[in-house]
Every structure is written in C-alpha cells, then in structure tokens.
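What follows is the content of my_file.cif (mmCIF, N, CA, C and O atoms).
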data_work
loop_
_atom_site.label_atom_id
_atom_site.label_comp_id
_atom_site.auth_asym_id
_atom_site.auth_seq_id
_atom_site.Cartn_x
_atom_site.Cartn_y
_atom_site.Cartn_z
N MET A 1 43.02 17.55 -33.93
CA MET A 1 44.46 17.52 -33.85
C MET A 1 44.86 16.70 -32.64
O MET A 1 44.40 16.94 -31.53
N ARG A 2 45.72 15.74 -32.86
CA ARG A 2 46.21 14.87 -31.79
C ARG A 2 47.56 15.39 -31.32
O ARG A 2 48.41 15.75 -32.12
N VAL A 3 47.75 15.42 -30.01
CA VAL A 3 49.01 15.86 -29.42
C VAL A 3 49.70 14.65 -28.80
O VAL A 3 49.10 13.93 -27.99
N PHE A 4 50.93 14.40 -29.20
CA PHE A 4 51.74 13.33 -28.63
C PHE A 4 52.76 13.99 -27.70
O PHE A 4 53.54 14.82 -28.13
N LYS A 5 52.75 13.59 -26.43
CA LYS A 5 53.67 14.19 -25.46
C LYS A 5 55.07 13.61 -25.58
O LYS A 5 56.03 14.23 -25.15
N LYS A 6 55.19 12.42 -26.17
CA LYS A 6 56.48 11.79 -26.42
C LYS A 6 56.51 11.35 -27.88
O LYS A 6 55.46 11.04 -28.46
N TYR A 7 57.69 11.30 -28.43
CA TYR A 7 57.83 10.83 -29.81
C TYR A 7 57.97 9.31 -29.80
O TYR A 7 59.03 8.77 -29.51
N LEU A 8 56.88 8.64 -30.07
CA LEU A 8 56.85 7.19 -30.20
C LEU A 8 56.46 6.88 -31.64
O LEU A 8 55.27 6.92 -32.00
N PRO A 9 57.44 6.60 -32.50
CA PRO A 9 57.18 6.48 -33.94
C PRO A 9 56.09 5.48 -34.31
O PRO A 9 55.26 5.75 -35.18
N LEU A 10 56.05 4.34 -33.66
CA LEU A 10 55.04 3.34 -33.99
C LEU A 10 53.63 3.84 -33.67
O LEU A 10 52.70 3.65 -34.45
N MET A 11 53.47 4.51 -32.53
CA MET A 11 52.16 5.04 -32.16
C MET A 11 51.72 6.13 -33.14
O MET A 11 50.56 6.18 -33.55
N VAL A 12 52.66 6.99 -33.54
CA VAL A 12 52.36 8.03 -34.52
C VAL A 12 51.96 7.40 -35.85
O VAL A 12 50.98 7.79 -36.48
N ALA A 13 52.71 6.37 -36.27
CA ALA A 13 52.42 5.71 -37.55
C ALA A 13 51.03 5.08 -37.54
O ALA A 13 50.28 5.19 -38.52
N LYS A 14 50.66 4.42 -36.45
CA LYS A 14 49.33 3.81 -36.36
C LYS A 14 48.23 4.86 -36.40
O LYS A 14 47.20 4.65 -37.05
N HIS A 15 48.45 5.99 -35.74
CA HIS A 15 47.46 7.07 -35.76
C HIS A 15 47.29 7.61 -37.17
O HIS A 15 46.16 7.77 -37.65
N VAL A 16 48.39 7.90 -37.84
CA VAL A 16 48.34 8.47 -39.20
C VAL A 16 47.69 7.49 -40.16
O VAL A 16 46.85 7.87 -40.98
N LYS A 17 48.04 6.22 -40.05
CA LYS A 17 47.47 5.20 -40.93
C LYS A 17 45.97 5.04 -40.70
O LYS A 17 45.20 4.88 -41.65
N THR A 18 45.54 5.13 -39.45
CA THR A 18 44.14 4.93 -39.11
C THR A 18 43.26 6.11 -39.52
O THR A 18 42.20 5.92 -40.10
N PHE A 19 43.71 7.32 -39.24
CA PHE A 19 42.87 8.49 -39.47
C PHE A 19 43.04 9.10 -40.85
O PHE A 19 42.24 9.95 -41.25
N PHE A 20 44.09 8.72 -41.60
CA PHE A 20 44.24 9.00 -43.02
C PHE A 20 44.50 10.46 -43.37
O PHE A 20 45.26 10.76 -44.26
N LYS A 21 43.87 11.43 -42.68
CA LYS A 21 44.06 12.85 -43.00
C LYS A 21 43.87 13.68 -41.75
O LYS A 21 42.95 13.44 -40.98
N GLY A 22 44.76 14.65 -41.54
CA GLY A 22 44.63 15.50 -40.38
C GLY A 22 45.93 16.17 -40.01
O GLY A 22 46.80 16.38 -40.84
N ARG A 23 46.06 16.45 -38.71
CA ARG A 23 47.23 17.18 -38.21
C ARG A 23 47.58 16.62 -36.83
O ARG A 23 46.69 16.31 -36.04
N ILE A 24 48.87 16.51 -36.56
CA ILE A 24 49.34 16.07 -35.25
C ILE A 24 50.41 17.03 -34.76
O ILE A 24 51.01 17.77 -35.55
N TYR A 25 50.63 17.00 -33.46
CA TYR A 25 51.71 17.77 -32.86
C TYR A 25 52.49 16.83 -31.96
O TYR A 25 51.91 16.13 -31.13
N ILE A 26 53.81 16.80 -32.13
CA ILE A 26 54.68 15.97 -31.31
C ILE A 26 55.54 16.91 -30.48
O ILE A 26 56.28 17.72 -31.05
N HIS A 27 55.42 16.80 -29.16
CA HIS A 27 56.18 17.67 -28.26
C HIS A 27 57.68 17.51 -28.53
O HIS A 27 58.20 16.40 -28.55
N GLY A 28 58.34 18.61 -28.80
CA GLY A 28 59.76 18.59 -29.08
C GLY A 28 60.10 18.43 -30.54
O GLY A 28 61.25 18.59 -30.94
N ARG A 29 59.12 18.08 -31.38
CA ARG A 29 59.35 17.89 -32.81
C ARG A 29 58.57 18.89 -33.65
O ARG A 29 58.99 19.28 -34.72
N GLY A 30 57.36 19.27 -33.20
CA GLY A 30 56.58 20.26 -33.92
C GLY A 30 55.30 19.71 -34.50
O GLY A 30 54.84 18.63 -34.16
N ARG A 31 54.72 20.50 -35.41
CA ARG A 31 53.43 20.18 -36.03
C ARG A 31 53.66 19.47 -37.36
O ARG A 31 54.55 19.82 -38.12
N PHE A 32 52.81 18.48 -37.63
CA PHE A 32 52.88 17.73 -38.87
C PHE A 32 51.48 17.58 -39.43
O PHE A 32 50.53 17.34 -38.69
N ASP A 33 51.37 17.67 -40.74
CA ASP A 33 50.12 17.38 -41.43
C ASP A 33 50.26 16.02 -42.09
O ASP A 33 51.35 15.62 -42.49
N PHE A 34 49.14 15.32 -42.22
CA PHE A 34 49.17 14.06 -42.94
C PHE A 34 47.95 13.95 -43.83
O PHE A 34 46.89 14.51 -43.57
N GLN A 35 48.16 13.25 -44.94
CA GLN A 35 47.11 13.07 -45.93
C GLN A 35 47.38 11.76 -46.64
O GLN A 35 48.53 11.37 -46.82
N SER A 36 46.33 11.09 -47.05
CA SER A 36 46.44 9.79 -47.73
C SER A 36 47.20 8.78 -46.88
O SER A 36 47.88 7.90 -47.41
N GLY A 37 47.13 8.91 -45.57
CA GLY A 37 47.77 7.95 -44.68
C GLY A 37 49.27 8.09 -44.54
O GLY A 37 49.91 7.18 -44.04
N LEU A 38 49.85 9.21 -44.98
CA LEU A 38 51.29 9.45 -44.86
C LEU A 38 51.54 10.87 -44.36
O LEU A 38 50.79 11.79 -44.68
N LEU A 39 52.62 11.04 -43.59
CA LEU A 39 53.01 12.39 -43.18
C LEU A 39 53.50 13.17 -44.39
O LEU A 39 54.18 12.62 -45.26
N LEU A 40 53.16 14.45 -44.43
CA LEU A 40 53.60 15.31 -45.52
C LEU A 40 54.86 16.05 -45.11
O LEU A 40 54.97 16.52 -43.97
N MET A 41 55.80 16.19 -46.05
CA MET A 41 57.03 16.93 -45.78
C MET A 41 56.73 18.42 -45.91
O MET A 41 56.25 18.87 -46.94
N PRO A 42 56.99 19.21 -44.85
CA PRO A 42 56.78 20.66 -44.94
C PRO A 42 57.72 21.28 -45.98
O PRO A 42 58.79 20.75 -46.25
N ASN A 43 57.31 22.41 -46.55
CA ASN A 43 58.14 23.08 -47.56
C ASN A 43 59.49 23.50 -47.00
O ASN A 43 60.51 23.36 -47.65
N GLN A 44 59.50 24.05 -45.81
CA GLN A 44 60.73 24.51 -45.17
C GLN A 44 61.07 23.57 -44.01
O GLN A 44 61.15 23.99 -42.86
N ALA A 45 61.31 22.31 -44.31
CA ALA A 45 61.55 21.31 -43.28
C ALA A 45 62.98 21.39 -42.75
O ALA A 45 63.93 21.39 -43.53
N ASP A 46 63.10 21.44 -41.42
CA ASP A 46 64.42 21.37 -40.83
C ASP A 46 64.76 19.89 -40.60
O ASP A 46 63.96 19.00 -40.91
N LEU A 47 65.95 19.62 -40.11
CA LEU A 47 66.41 18.24 -39.98
C LEU A 47 65.52 17.36 -39.10
O LEU A 47 65.17 16.24 -39.51
N PRO A 48 65.08 17.81 -37.90
CA PRO A 48 64.20 16.95 -37.09
C PRO A 48 62.87 16.63 -37.79
O PRO A 48 62.38 15.50 -37.72
N HIS A 49 62.28 17.61 -38.49
CA HIS A 49 61.04 17.36 -39.23
C HIS A 49 61.29 16.32 -40.33
O HIS A 49 60.52 15.38 -40.50
N ARG A 50 62.37 16.50 -41.07
CA ARG A 50 62.68 15.60 -42.18
C ARG A 50 62.89 14.18 -41.68
O ARG A 50 62.35 13.22 -42.23
N GLN A 51 63.65 14.01 -40.59
CA GLN A 51 63.91 12.69 -40.04
C GLN A 51 62.63 12.04 -39.53
O GLN A 51 62.40 10.85 -39.73
N THR A 52 61.77 12.83 -38.88
CA THR A 52 60.52 12.30 -38.35
C THR A 52 59.61 11.83 -39.47
O THR A 52 59.05 10.73 -39.41
N VAL A 53 59.47 12.64 -40.52
CA VAL A 53 58.60 12.27 -41.65
C VAL A 53 59.11 10.98 -42.30
O VAL A 53 58.33 10.06 -42.56
N LEU A 54 60.40 10.90 -42.54
CA LEU A 54 60.96 9.71 -43.19
C LEU A 54 60.79 8.46 -42.32
O LEU A 54 60.41 7.39 -42.82
N GLU A 55 61.03 8.60 -41.02
CA GLU A 55 60.92 7.45 -40.12
C GLU A 55 59.47 6.97 -39.99
O GLU A 55 59.20 5.77 -40.10
N VAL A 56 58.55 7.89 -39.80
CA VAL A 56 57.14 7.50 -39.62
C VAL A 56 56.58 6.92 -40.91
O VAL A 56 55.89 5.90 -40.90
N ASN A 57 56.90 7.52 -42.05
CA ASN A 57 56.39 6.99 -43.32
C ASN A 57 56.96 5.61 -43.61
O ASN A 57 56.27 4.75 -44.16
N ALA A 58 58.21 5.34 -43.23
CA ALA A 58 58.79 4.01 -43.39
C ALA A 58 58.04 2.99 -42.52
O ALA A 58 57.75 1.87 -42.97
N LEU A 59 57.71 3.37 -41.30
CA LEU A 59 56.94 2.48 -40.43
C LEU A 59 55.54 2.23 -40.98
O LEU A 59 55.04 1.11 -40.88
N ILE A 60 54.92 3.25 -41.55
CA ILE A 60 53.59 3.07 -42.15
C ILE A 60 53.68 2.06 -43.30
O ILE A 60 52.82 1.19 -43.45
N GLY A 61 54.73 2.17 -44.10
CA GLY A 61 54.94 1.20 -45.18
C GLY A 61 55.09 -0.20 -44.65
O GLY A 61 54.53 -1.15 -45.21
N ARG A 62 55.81 -0.36 -43.54
CA ARG A 62 55.97 -1.69 -42.93
C ARG A 62 54.64 -2.21 -42.40
O ARG A 62 54.34 -3.40 -42.51
N LEU A 63 53.83 -1.32 -41.82
CA LEU A 63 52.52 -1.74 -41.32
C LEU A 63 51.63 -2.23 -42.45
O LEU A 63 50.88 -3.19 -42.29
N HIS A 64 51.71 -1.55 -43.61
CA HIS A 64 50.93 -2.00 -44.77
C HIS A 64 51.41 -3.36 -45.26
O HIS A 64 50.60 -4.20 -45.65
N MET A 65 52.71 -3.59 -45.24
CA MET A 65 53.27 -4.87 -45.70
C MET A 65 52.87 -6.00 -44.74
O MET A 65 52.59 -7.11 -45.17
N ASP A 66 52.87 -5.71 -43.44
CA ASP A 66 52.49 -6.73 -42.46
C ASP A 66 51.02 -7.08 -42.55
O ASP A 66 50.63 -8.22 -42.29
N ALA A 67 50.18 -6.13 -42.94
CA ALA A 67 48.73 -6.36 -43.02
C ALA A 67 48.37 -7.21 -44.23
O ALA A 67 47.33 -7.87 -44.25
N ALA A 68 49.20 -7.19 -45.24
CA ALA A 68 48.89 -7.91 -46.49
C ALA A 68 49.28 -9.37 -46.40
O ALA A 68 49.95 -9.87 -45.65
#
Transcribe the structure of this file into structure tokens.
Amino acid sequence: MRVFKKYLPLMVAKHVKTFFKGRIYIHGRGRFDFQSGLLLMPNQADLPHRQTVLEVNALIGRLHMDAA
C-alpha cells in the first residue's frame, strides 16, 4: 500500500498505471483500491472520493493516449 502525503493527481495516476493493481491512501482524501490500471469507485463514495477517482482515471487515459 502506497501512502501519498499530498494529493498530486499526476503522481497518483502514474503509480496506478505502473502497478496495475493494489491499494493507495491519500492524506485528506482516504483509501482507494485500483485494478486493471484504474481507480475503482467505492460503493458508498462521497463527493471527494468520486472527484478523485474521476480526475485520476481521466489522467490515466491521457497518459495512455500520450504513450501511443
């Protein structure tokens, strides 16, 4: 499990894309699971979780487009 002391979306996106499956914790945002290189939306997601998942997954998509 990787702990991010600050919410830096690009750094989180690179970690999730690289390690493909696992769990991260972002101070002030909470715990997130990821699988298949994308953050998973929790069943009972509050607004900060939902915004974080959408933002990081959008960045991961951009990283995939830049690599191609």
Could you list, as a ChimeraX atom specification, every residue matched by the PyMOL selection byres ((chain A and resi 2) around 4.5) in this structure? /A:1,3-4,23-25
What separation in Å, quoted to one decimal, exists between atom N of A:Leu54 and atom N of A:Asp66? 18.3 Å
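Reported to one decimal place, the separation of atom CA of A:Arg29 from atom N of A:Leu47 is 10.0 Å.
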Identify which of the residues A:Met65, A:Thr18, A:Val12, A:Lys5 lies closest to A:Val53, counting only C-alpha atoms when measuring atom-to-atom distances.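 Distance minimum relative to A:Val53 lands on A:Val12.
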Find the spatial neighbours of stretch 56-63 of chain A, counting all atoms listed in the file, within a cut-off of 8 Å - ignore same-chain residues fewer than 4 positions away - and output them as a PDB file with N, CA, C and O atoms, in the frame of the given file.
ATOM      1  N   LEU A   8      56.880   8.640 -30.070  1.00  0.00           N
ATOM      2  CA  LEU A   8      56.850   7.190 -30.200  1.00  0.00           C
ATOM      3  C   LEU A   8      56.460   6.880 -31.640  1.00  0.00           C
ATOM      4  O   LEU A   8      55.270   6.920 -32.000  1.00  0.00           O
ATOM      5  N   PRO A   9      57.440   6.600 -32.500  1.00  0.00           N
ATOM      6  CA  PRO A   9      57.180   6.480 -33.940  1.00  0.00           C
ATOM      7  C   PRO A   9      56.090   5.480 -34.310  1.00  0.00           C
ATOM      8  O   PRO A   9      55.260   5.750 -35.180  1.00  0.00           O
ATOM      9  N   LEU A  10      56.050   4.340 -33.660  1.00  0.00           N
ATOM     10  CA  LEU A  10      55.040   3.340 -33.990  1.00  0.00           C
ATOM     11  C   LEU A  10      53.630   3.840 -33.670  1.00  0.00           C
ATOM     12  O   LEU A  10      52.700   3.650 -34.450  1.00  0.00           O
ATOM     13  N   VAL A  12      52.660   6.990 -33.540  1.00  0.00           N
ATOM     14  CA  VAL A  12      52.360   8.030 -34.520  1.00  0.00           C
ATOM     15  C   VAL A  12      51.960   7.400 -35.850  1.00  0.00           C
ATOM     16  O   VAL A  12      50.980   7.790 -36.480  1.00  0.00           O
ATOM     17  N   ALA A  13      52.710   6.370 -36.270  1.00  0.00           N
ATOM     18  CA  ALA A  13      52.420   5.710 -37.550  1.00  0.00           C
ATOM     19  C   ALA A  13      51.030   5.080 -37.540  1.00  0.00           C
ATOM     20  O   ALA A  13      50.280   5.190 -38.520  1.00  0.00           O
ATOM     21  N   LYS A  14      50.660   4.420 -36.450  1.00  0.00           N
ATOM     22  CA  LYS A  14      49.330   3.810 -36.360  1.00  0.00           C
ATOM     23  C   LYS A  14      48.230   4.860 -36.400  1.00  0.00           C
ATOM     24  O   LYS A  14      47.200   4.650 -37.050  1.00  0.00           O
ATOM     25  N   VAL A  16      48.390   7.900 -37.840  1.00  0.00           N
ATOM     26  CA  VAL A  16      48.340   8.470 -39.200  1.00  0.00           C
ATOM     27  C   VAL A  16      47.690   7.490 -40.160  1.00  0.00           C
ATOM     28  O   VAL A  16      46.850   7.870 -40.980  1.00  0.00           O
ATOM     29  N   LYS A  17      48.040   6.220 -40.050  1.00  0.00           N
ATOM     30  CA  LYS A  17      47.470   5.200 -40.930  1.00  0.00           C
ATOM     31  C   LYS A  17      45.970   5.040 -40.700  1.00  0.00           C
ATOM     32  O   LYS A  17      45.200   4.880 -41.650  1.00  0.00           O
ATOM     33  N   GLY A  37      47.130   8.910 -45.570  1.00  0.00           N
ATOM     34  CA  GLY A  37      47.770   7.950 -44.680  1.00  0.00           C
ATOM     35  C   GLY A  37      49.270   8.090 -44.540  1.00  0.00           C
ATOM     36  O   GLY A  37      49.910   7.180 -44.040  1.00  0.00           O
ATOM     37  N   LEU A  38      49.850   9.210 -44.980  1.00  0.00           N
ATOM     38  CA  LEU A  38      51.290   9.450 -44.860  1.00  0.00           C
ATOM     39  C   LEU A  38      51.540  10.870 -44.360  1.00  0.00           C
ATOM     40  O   LEU A  38      50.790  11.790 -44.680  1.00  0.00           O
ATOM     41  N   LEU A  39      52.620  11.040 -43.590  1.00  0.00           N
ATOM     42  CA  LEU A  39      53.010  12.390 -43.180  1.00  0.00           C
ATOM     43  C   LEU A  39      53.500  13.170 -44.390  1.00  0.00           C
ATOM     44  O   LEU A  39      54.180  12.620 -45.260  1.00  0.00           O
ATOM     45  N   HIS A  49      62.280  17.610 -38.490  1.00  0.00           N
ATOM     46  CA  HIS A  49      61.040  17.360 -39.230  1.00  0.00           C
ATOM     47  C   HIS A  49      61.290  16.320 -40.330  1.00  0.00           C
ATOM     48  O   HIS A  49      60.520  15.380 -40.500  1.00  0.00           O
ATOM     49  N   ARG A  50      62.370  16.500 -41.070  1.00  0.00           N
ATOM     50  CA  ARG A  50      62.680  15.600 -42.180  1.00  0.00           C
ATOM     51  C   ARG A  50      62.890  14.180 -41.680  1.00  0.00           C
ATOM     52  O   ARG A  50      62.350  13.220 -42.230  1.00  0.00           O
ATOM     53  N   GLN A  51      63.650  14.010 -40.590  1.00  0.00           N
ATOM     54  CA  GLN A  51      63.910  12.690 -40.040  1.00  0.00           C
ATOM     55  C   GLN A  51      62.630  12.040 -39.530  1.00  0.00           C
ATOM     56  O   GLN A  51      62.400  10.850 -39.730  1.00  0.00           O
ATOM     57  N   THR A  52      61.770  12.830 -38.880  1.00  0.00           N
ATOM     58  CA  THR A  52      60.520  12.300 -38.350  1.00  0.00           C
ATOM     59  C   THR A  52      59.610  11.830 -39.470  1.00  0.00           C
ATOM     60  O   THR A  52      59.050  10.730 -39.410  1.00  0.00           O
ATOM     61  N   ALA A  67      50.180  -6.130 -42.940  1.00  0.00           N
ATOM     62  CA  ALA A  67      48.730  -6.360 -43.020  1.00  0.00           C
ATOM     63  C   ALA A  67      48.370  -7.210 -44.230  1.00  0.00           C
ATOM     64  O   ALA A  67      47.330  -7.870 -44.250  1.00  0.00           O
ATOM     65  N   ALA A  68      49.200  -7.190 -45.240  1.00  0.00           N
ATOM     66  CA  ALA A  68      48.890  -7.910 -46.490  1.00  0.00           C
ATOM     67  C   ALA A  68      49.280  -9.370 -46.400  1.00  0.00           C
ATOM     68  O   ALA A  68      49.950  -9.870 -45.650  1.00  0.00           O
TER      69      ALA A  68
END
